[in-house]
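The structure file run17.txt is reproduced below (compact mmCIF, C-alpha atoms).
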```txt
# COMPACT_ATOMS: atom_id res chain seq x y z
CA MET A 1 38.28 -110.22 87.66
CA THR A 2 35.29 -111.38 85.60
CA ARG A 3 34.20 -113.67 88.41
CA ILE A 4 34.67 -110.98 91.04
CA LYS A 5 32.72 -108.41 89.01
CA ALA A 6 29.91 -110.92 88.48
CA ALA A 7 29.74 -111.75 92.17
CA THR A 8 29.73 -108.13 93.28
CA ALA A 9 27.20 -106.94 90.73
CA ALA A 10 24.86 -109.87 91.17
CA THR A 11 24.77 -109.93 94.91
CA LEU A 12 24.12 -106.21 95.25
CA LEU A 13 20.80 -106.65 93.48
CA VAL A 14 17.55 -106.59 95.38
CA LEU A 15 14.91 -108.69 93.68
CA GLY A 16 11.80 -107.05 92.35
CA LEU A 17 8.42 -108.62 92.68
CA ALA A 18 6.76 -110.85 90.16
CA ALA A 19 3.83 -109.46 88.24
CA CYS A 20 1.42 -110.94 90.76
CA GLY A 21 2.98 -108.79 93.47
CA ASN A 22 4.75 -111.47 95.50
CA ALA A 23 7.95 -113.31 94.61
CA GLY A 24 6.71 -116.42 96.35
CA ASN A 25 3.72 -116.70 94.05
CA ASP A 26 5.48 -116.82 90.69
CA ASN A 27 3.68 -119.24 88.41
CA SER A 28 5.24 -121.69 86.01
CA ASP A 29 5.03 -119.19 83.15
CA SER A 30 7.15 -116.55 84.89
CA GLY A 31 10.42 -117.52 83.20
CA PRO A 32 11.51 -116.97 79.61
CA ASP A 33 10.67 -119.49 76.92
CA VAL A 34 13.35 -122.08 76.20
CA LYS A 35 14.07 -123.57 72.79
CA VAL A 36 13.70 -127.34 73.02
CA SER A 37 16.14 -129.18 70.75
CA GLU A 38 14.69 -131.48 68.10
CA ASN A 39 16.13 -134.97 67.61
CA ALA A 40 18.41 -134.24 70.55
CA ALA A 41 19.36 -137.88 71.12
CA ASP A 42 21.19 -137.94 67.77
CA SER A 43 23.75 -135.41 69.04
CA PHE A 44 24.96 -137.52 71.98
CA ALA A 45 27.31 -140.50 72.04
CA ASP A 46 25.86 -143.98 72.39
CA GLY A 47 25.95 -145.16 75.98
CA SER A 48 26.10 -141.65 77.42
CA ARG A 49 23.66 -140.65 80.14
CA MET A 50 22.60 -137.67 78.03
CA LYS A 51 21.52 -139.92 75.17
CA GLU A 52 19.58 -142.14 77.59
CA LEU A 53 17.75 -139.14 79.01
CA ALA A 54 17.08 -137.65 75.58
CA GLN A 55 15.66 -140.95 74.34
CA SER A 56 13.45 -141.33 77.40
CA GLY A 57 12.14 -137.77 77.17
CA LYS A 58 12.30 -137.44 80.96
CA ILE A 59 14.76 -136.06 83.52
CA LYS A 60 14.65 -135.66 87.31
CA ILE A 61 16.04 -132.38 88.62
CA GLY A 62 16.39 -131.55 92.31
CA VAL A 63 15.77 -127.91 93.27
CA LYS A 64 14.86 -125.95 96.38
CA PHE A 65 11.16 -125.25 96.92
CA ASP A 66 11.54 -122.66 99.69
CA GLN A 67 13.98 -120.03 98.42
CA PRO A 68 12.17 -117.22 96.53
CA GLY A 69 14.17 -116.05 93.52
CA ILE A 70 16.45 -119.10 93.66
CA GLY A 71 14.02 -122.03 93.79
CA PHE A 72 10.42 -121.74 94.95
CA LYS A 73 7.27 -123.83 94.43
CA GLY A 74 3.94 -122.77 95.84
CA ALA A 75 1.18 -125.22 96.67
CA THR A 76 -0.63 -124.61 93.37
CA ASP A 77 2.44 -124.22 91.14
CA LYS A 78 3.09 -126.89 88.55
CA ILE A 79 6.71 -125.90 87.93
CA PRO A 80 9.03 -124.23 90.47
CA SER A 81 10.24 -120.70 89.77
CA GLY A 82 13.65 -119.14 90.30
CA PHE A 83 17.07 -118.91 88.70
CA ASP A 84 17.96 -122.53 89.53
CA PRO A 85 14.87 -124.00 87.80
CA GLU A 86 15.61 -121.74 84.81
CA MET A 87 19.05 -123.33 84.53
CA GLY A 88 17.31 -126.70 84.77
CA LYS A 89 14.97 -125.80 81.90
CA ILE A 90 17.93 -124.81 79.72
CA LEU A 91 19.74 -128.09 80.39
CA ALA A 92 16.60 -130.16 79.84
CA ALA A 93 15.82 -128.32 76.60
CA SER A 94 19.23 -129.31 75.19
CA LEU A 95 18.09 -132.93 75.68
CA GLY A 96 14.83 -132.26 73.84
CA ILE A 97 12.85 -132.27 77.10
CA LYS A 98 10.18 -129.62 77.78
CA PRO A 99 9.78 -128.04 81.25
CA ASP A 100 6.48 -129.89 81.70
CA ASP A 101 8.29 -133.22 81.22
CA VAL A 102 10.88 -132.52 83.92
CA GLU A 103 10.26 -134.26 87.24
CA TRP A 104 11.03 -131.42 89.66
CA THR A 105 12.05 -132.90 93.02
CA GLU A 106 12.30 -130.91 96.24
CA THR A 107 15.88 -131.13 97.42
CA ILE A 108 17.01 -129.75 100.77
CA SER A 109 20.61 -129.10 101.72
CA ALA A 110 20.96 -132.35 103.66
CA ASN A 111 19.89 -134.72 100.88
CA ARG A 112 21.63 -133.33 97.81
CA GLU A 113 24.52 -135.83 97.79
CA PRO A 114 22.36 -138.85 98.77
CA PHE A 115 19.83 -138.07 96.03
CA LEU A 116 22.59 -138.07 93.40
CA GLN A 117 24.34 -141.14 94.80
CA LYS A 118 21.12 -143.17 94.89
CA GLY A 119 19.92 -142.02 91.47
CA GLN A 120 16.81 -140.34 92.87
CA VAL A 121 17.60 -137.32 90.70
CA ASP A 122 19.75 -136.83 87.61
CA LEU A 123 20.84 -133.30 88.47
CA VAL A 124 20.85 -131.09 91.56
CA ILE A 125 20.50 -127.34 90.97
CA ALA A 126 19.74 -126.09 94.46
CA SER A 127 21.94 -123.18 95.59
CA TYR A 128 24.59 -125.90 95.65
CA SER A 129 27.95 -124.36 96.51
CA MET A 130 30.93 -126.06 94.89
CA THR A 131 33.43 -127.39 97.44
CA PRO A 132 36.35 -129.87 97.35
CA GLU A 133 34.61 -131.94 100.04
CA ARG A 134 31.44 -132.34 97.98
CA GLN A 135 33.40 -133.08 94.83
CA LYS A 136 34.89 -136.14 96.52
CA ILE A 137 31.35 -137.57 96.67
CA VAL A 138 29.52 -136.20 93.61
CA GLY A 139 30.30 -134.29 90.45
CA GLN A 140 29.77 -130.53 90.31
CA ALA A 141 29.88 -128.42 87.14
CA GLY A 142 30.02 -124.65 87.18
CA PRO A 143 29.85 -122.15 88.67
CA TYR A 144 26.82 -120.84 86.81
CA TYR A 145 26.29 -118.19 89.52
CA VAL A 146 28.49 -116.59 92.18
CA THR A 147 27.16 -115.03 95.37
CA GLY A 148 28.48 -114.27 98.85
CA GLN A 149 27.48 -113.57 102.44
CA GLN A 150 25.65 -110.28 102.95
CA LEU A 151 23.17 -108.68 105.35
CA LEU A 152 19.38 -108.24 105.29
CA VAL A 153 18.14 -105.23 107.27
CA LYS A 154 15.05 -103.04 107.63
CA LYS A 155 14.72 -100.26 105.08
CA ASP A 156 15.36 -97.59 107.73
CA SER A 157 18.38 -99.38 109.26
CA ASP A 158 21.58 -97.43 109.81
CA ILE A 159 23.64 -100.52 108.93
CA SER A 160 25.27 -99.85 105.58
CA LYS A 161 28.76 -101.33 105.92
CA LEU A 162 30.19 -104.39 107.60
CA ASP A 163 31.78 -102.44 110.44
CA ASP A 164 28.30 -101.32 111.48
CA VAL A 165 27.44 -104.80 112.82
CA LYS A 166 29.84 -104.51 115.75
CA GLY A 167 27.84 -104.99 118.92
CA LYS A 168 24.61 -105.54 116.95
CA GLN A 169 22.45 -108.69 117.05
CA VAL A 170 22.60 -110.58 113.74
CA CYS A 171 20.71 -113.82 113.07
CA SER A 172 21.00 -116.80 110.76
CA VAL A 173 20.10 -120.49 110.97
CA THR A 174 21.50 -122.36 113.94
CA GLY A 175 24.81 -124.10 113.30
CA SER A 176 25.57 -122.21 110.10
CA THR A 177 29.03 -120.96 109.20
CA SER A 178 27.35 -117.60 108.55
CA LEU A 179 26.96 -117.12 112.30
CA ASP A 180 30.62 -117.89 112.92
CA GLN A 181 31.71 -115.45 110.24
CA ILE A 182 29.50 -112.62 111.46
CA GLU A 183 30.62 -113.17 115.07
CA ALA A 184 34.20 -112.75 113.85
CA LYS A 185 33.15 -109.32 112.56
CA GLY A 186 32.10 -108.26 116.06
CA ALA A 187 28.36 -108.97 115.91
CA LYS A 188 26.28 -110.79 118.53
CA PRO A 189 25.07 -113.94 116.72
CA ARG A 190 21.52 -115.25 117.17
CA GLY A 191 20.57 -118.68 115.81
CA PHE A 192 17.08 -119.75 114.67
CA ASP A 193 15.78 -123.01 113.24
CA THR A 194 14.70 -121.53 109.89
CA TYR A 195 15.47 -118.56 107.68
CA SER A 196 11.83 -117.41 107.84
CA GLU A 197 12.05 -117.13 111.65
CA CYS A 198 15.15 -115.02 111.27
CA VAL A 199 13.44 -112.74 108.75
CA ASP A 200 10.51 -112.27 111.14
CA GLN A 201 12.93 -111.21 113.88
CA VAL A 202 14.43 -108.58 111.60
CA LEU A 203 10.98 -107.30 110.62
CA ASN A 204 9.80 -106.94 114.22
CA GLY A 205 13.06 -105.34 115.33
CA THR A 206 14.15 -108.07 117.74
CA VAL A 207 17.46 -108.41 115.87
CA ASP A 208 19.29 -105.82 113.81
CA ALA A 209 20.12 -107.91 110.74
CA MET A 210 20.10 -111.35 109.13
CA THR A 211 23.06 -112.89 107.29
CA THR A 212 23.51 -115.69 104.75
CA ASP A 213 24.13 -115.93 100.98
CA GLY A 214 23.14 -112.70 99.26
CA ALA A 215 21.10 -114.58 96.66
CA ILE A 216 18.88 -116.03 99.40
CA LEU A 217 18.53 -112.67 101.12
CA MET A 218 17.43 -111.07 97.86
CA GLY A 219 14.44 -113.39 97.69
CA TYR A 220 13.27 -112.39 101.15
CA ALA A 221 13.81 -108.73 100.35
CA ALA A 222 11.61 -109.20 97.29
CA GLU A 223 8.76 -110.46 99.47
CA ASN A 224 8.97 -107.30 101.60
CA PRO A 225 10.37 -104.64 99.24
CA ASP A 226 9.00 -101.74 101.26
CA LYS A 227 10.42 -103.04 104.54
CA LEU A 228 13.69 -104.86 103.84
CA LYS A 229 16.90 -104.35 101.86
CA VAL A 230 20.18 -106.19 101.23
CA VAL A 231 23.34 -104.30 102.21
CA VAL A 232 27.17 -104.51 102.29
CA ASP A 233 29.50 -105.95 99.69
CA PRO A 234 29.83 -109.76 99.77
CA PHE A 235 32.38 -110.84 102.40
CA SER A 236 32.60 -114.48 101.30
CA GLU A 237 32.28 -116.32 97.99
CA GLU A 238 29.77 -119.06 97.20
CA ARG A 239 30.03 -120.64 93.75
CA TYR A 240 26.79 -122.39 92.76
CA GLY A 241 27.24 -125.50 90.60
CA VAL A 242 25.13 -128.23 89.02
CA GLY A 243 25.44 -131.58 90.81
CA TYR A 244 25.57 -134.89 88.94
CA SER A 245 26.51 -138.48 89.77
CA LYS A 246 30.11 -139.57 89.56
CA ASP A 247 28.74 -142.66 87.78
CA HIS A 248 28.23 -140.39 84.75
CA PRO A 249 31.31 -138.16 84.47
CA GLU A 250 30.45 -137.41 80.84
CA MET A 251 27.66 -135.16 82.11
CA CYS A 252 30.13 -132.49 83.25
CA GLN A 253 31.17 -131.32 79.80
CA TRP A 254 27.57 -131.35 78.57
CA ILE A 255 26.53 -129.14 81.51
CA VAL A 256 29.42 -126.73 80.98
CA ASP A 257 28.89 -126.52 77.21
CA THR A 258 25.12 -126.01 77.55
CA ILE A 259 25.39 -123.26 80.15
CA LYS A 260 28.25 -121.60 78.25
CA LYS A 261 26.04 -121.54 75.14
CA ALA A 262 23.23 -119.99 77.23
CA GLN A 263 25.67 -117.33 78.43
CA ASP A 264 26.79 -116.57 74.87
CA ASP A 265 23.34 -116.46 73.23
CA GLY A 266 21.64 -114.44 75.97
CA ASP A 267 19.49 -117.17 77.55
CA TRP A 268 21.48 -116.97 80.82
CA ALA A 269 20.79 -113.23 80.98
CA LYS A 270 17.09 -113.74 80.23
CA ALA A 271 16.87 -116.30 83.02
CA PHE A 272 18.60 -113.92 85.41
CA GLU A 273 16.39 -110.98 84.46
CA ALA A 274 13.23 -113.05 84.95
CA THR A 275 14.26 -114.08 88.47
CA LEU A 276 17.18 -112.51 90.35
CA GLY A 277 17.20 -109.43 88.16
CA LYS A 278 13.60 -108.30 88.64
CA SER A 279 14.76 -105.06 90.23
CA GLY A 280 15.77 -103.74 86.80
CA VAL A 281 19.45 -103.37 87.75
CA ASP A 282 21.87 -104.19 84.93
CA THR A 283 22.41 -107.91 84.47
CA PRO A 284 25.91 -108.92 85.62
CA GLU A 285 28.52 -110.61 83.47
CA PRO A 286 28.18 -114.41 83.82
CA PRO A 287 30.92 -116.13 85.79
CA GLN A 288 33.61 -118.14 84.04
CA MET A 289 33.06 -121.85 84.58
CA ASP A 290 35.69 -124.34 85.71
CA ALA A 291 37.15 -126.95 83.40
CA CYS A 292 35.81 -130.46 83.93
CA PRO A 293 38.03 -133.02 85.68
CA SER A 294 40.20 -135.00 83.30
CA ALA A 295 39.07 -138.57 82.74
```

Let me see the file written as structure tokens.
Amino acid sequence: MTRIKAATAATLLVLGLAACGNAGNDNSDSGPDVKVSENAADSFADGSRMKELAQSGKIKIGVKFDQPGIGFKGATDKIPSGFDPEMGKILAASLGIKPDDVEWTETISANREPFLQKGQVDLVIASYSMTPERQKIVGQAGPYYVTGQQLLVKKDSDISKLDDVKGKQVCSVTGSTSLDQIEAKGAKPRGFDTYSECVDQVLNGTVDAMTTDGAILMGYAAENPDKLKVVVDPFSEERYGVGYSKDHPEMCQWIVDTIKKAQDDGDWAKAFEATLGKSGVDTPEPPQMDACPSA
């Protein structure tokens, strides 16, 4: 029930704008401060990847650069903003690494597994849904956030529940499972190459709604708070996890323990409130994380 409550509460949020007036322009100082551990290397076992990273003072973290509220980096931003980078800062801080010393690497959906397999990044925190198929290839620890498929509509839309999409045109990216799922609900699916194209079609009235993960939709709603809104309860479940290489299975428990500590001491909530919780709606209860695979 905890996980369900977290998913429902979180995904019903509509992101507020950053102080600058546009969620896509958050600067590197938009998130809460993180406490960087001192002498962090001493707390990790010899030979562990965590000790190696702590001793080097550097870590490579793959995040999205094009999802406002989740992971976004403007042309002039030094550090990406969003809930995923905030989780990255918390993990890096436990290794004694400051946000400025993280090598933030743009990671798109198609290269998340290859980046981990080839060692191009140490972690992937990029709206990375946990699935059995992916866990055959890489490690995934979490979920640190739970979302689900929802709808993005114009503020004056009469779509308020899932049944309302019957016979309506609903867009998403071409080839996505979101289109298949919304077609099954009676909608007329429309595919576009990018999410931004789909948003434009909603804004100009060419289509009635857009559908994908609620967390992604929230970011676009935040960029147009007077014109767009996120509606309907989640009708799928996406469990976002932190990706790591199977070459370093010891990283799983470190990730789980670090995020659990952030949940307990309030840092998870602060990260949420600075990004996905900008609307001022009550911060949801954090999801319960899975146990790590046995060695």

* Using all atoms listed in the file, which residues sit within 10 Å of range 183-192 of chain A once same-chain residues fewer than 3 positions away are excluded, as a PyMOL selection string? -> chain A and resi 162-180+195-199+201+207-211

* Quick one, how far is CA of Val256 in chain A from CA of Ala54 in chain A? ->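 Rounded to one decimal, the two atoms are 17.3 Å apart.
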
* Structure fact -> Taken to one decimal, the CA of Asp33 in chain A-CA of Ala126 in chain A distance is 20.8 Å

* Residue neighbourhood Ala271 in chain A, 10 Å, only C-alpha atoms, exclusion window fewer than 4 positions, as a list of chain:residue names ->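 Everything that qualifies: A:Ser30, A:Gly31, A:Pro32, A:Asp33, A:Val34, A:Gly82, A:Phe83, A:Asp84, A:Pro85, A:Glu86, A:Met87, A:Lys89, A:Ile90, A:Ala262, A:Gln263, A:Gly266, A:Asp267, A:Thr275, A:Leu276, A:Gly277.
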
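CA of Gly139 in chain A is found 12.0 Å from CA of Ile125 in chain A.
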
* Asked: Counting all atoms listed in the file, what is within 9 Å of Gln117 in chain A, bar same-chain residues fewer than 2 positions away, as an MDAnalysis selection string?
  -> chainID A and resid 112:115 119:121 137:138 244:247

Using all atoms of range 72-87 of chain A that appear in the file, construct an axis-aligned enclosing box with 4 Å of padding on every side and provide its centre coordinates and edge lengths in Å, rounded to one decimal, as AutoDock Vina command-line options.
```
--center_x 9.2 --center_y -122.9 --center_z 90.6 --size_x 27.7 --size_y 16.0 --size_z 20.1
```
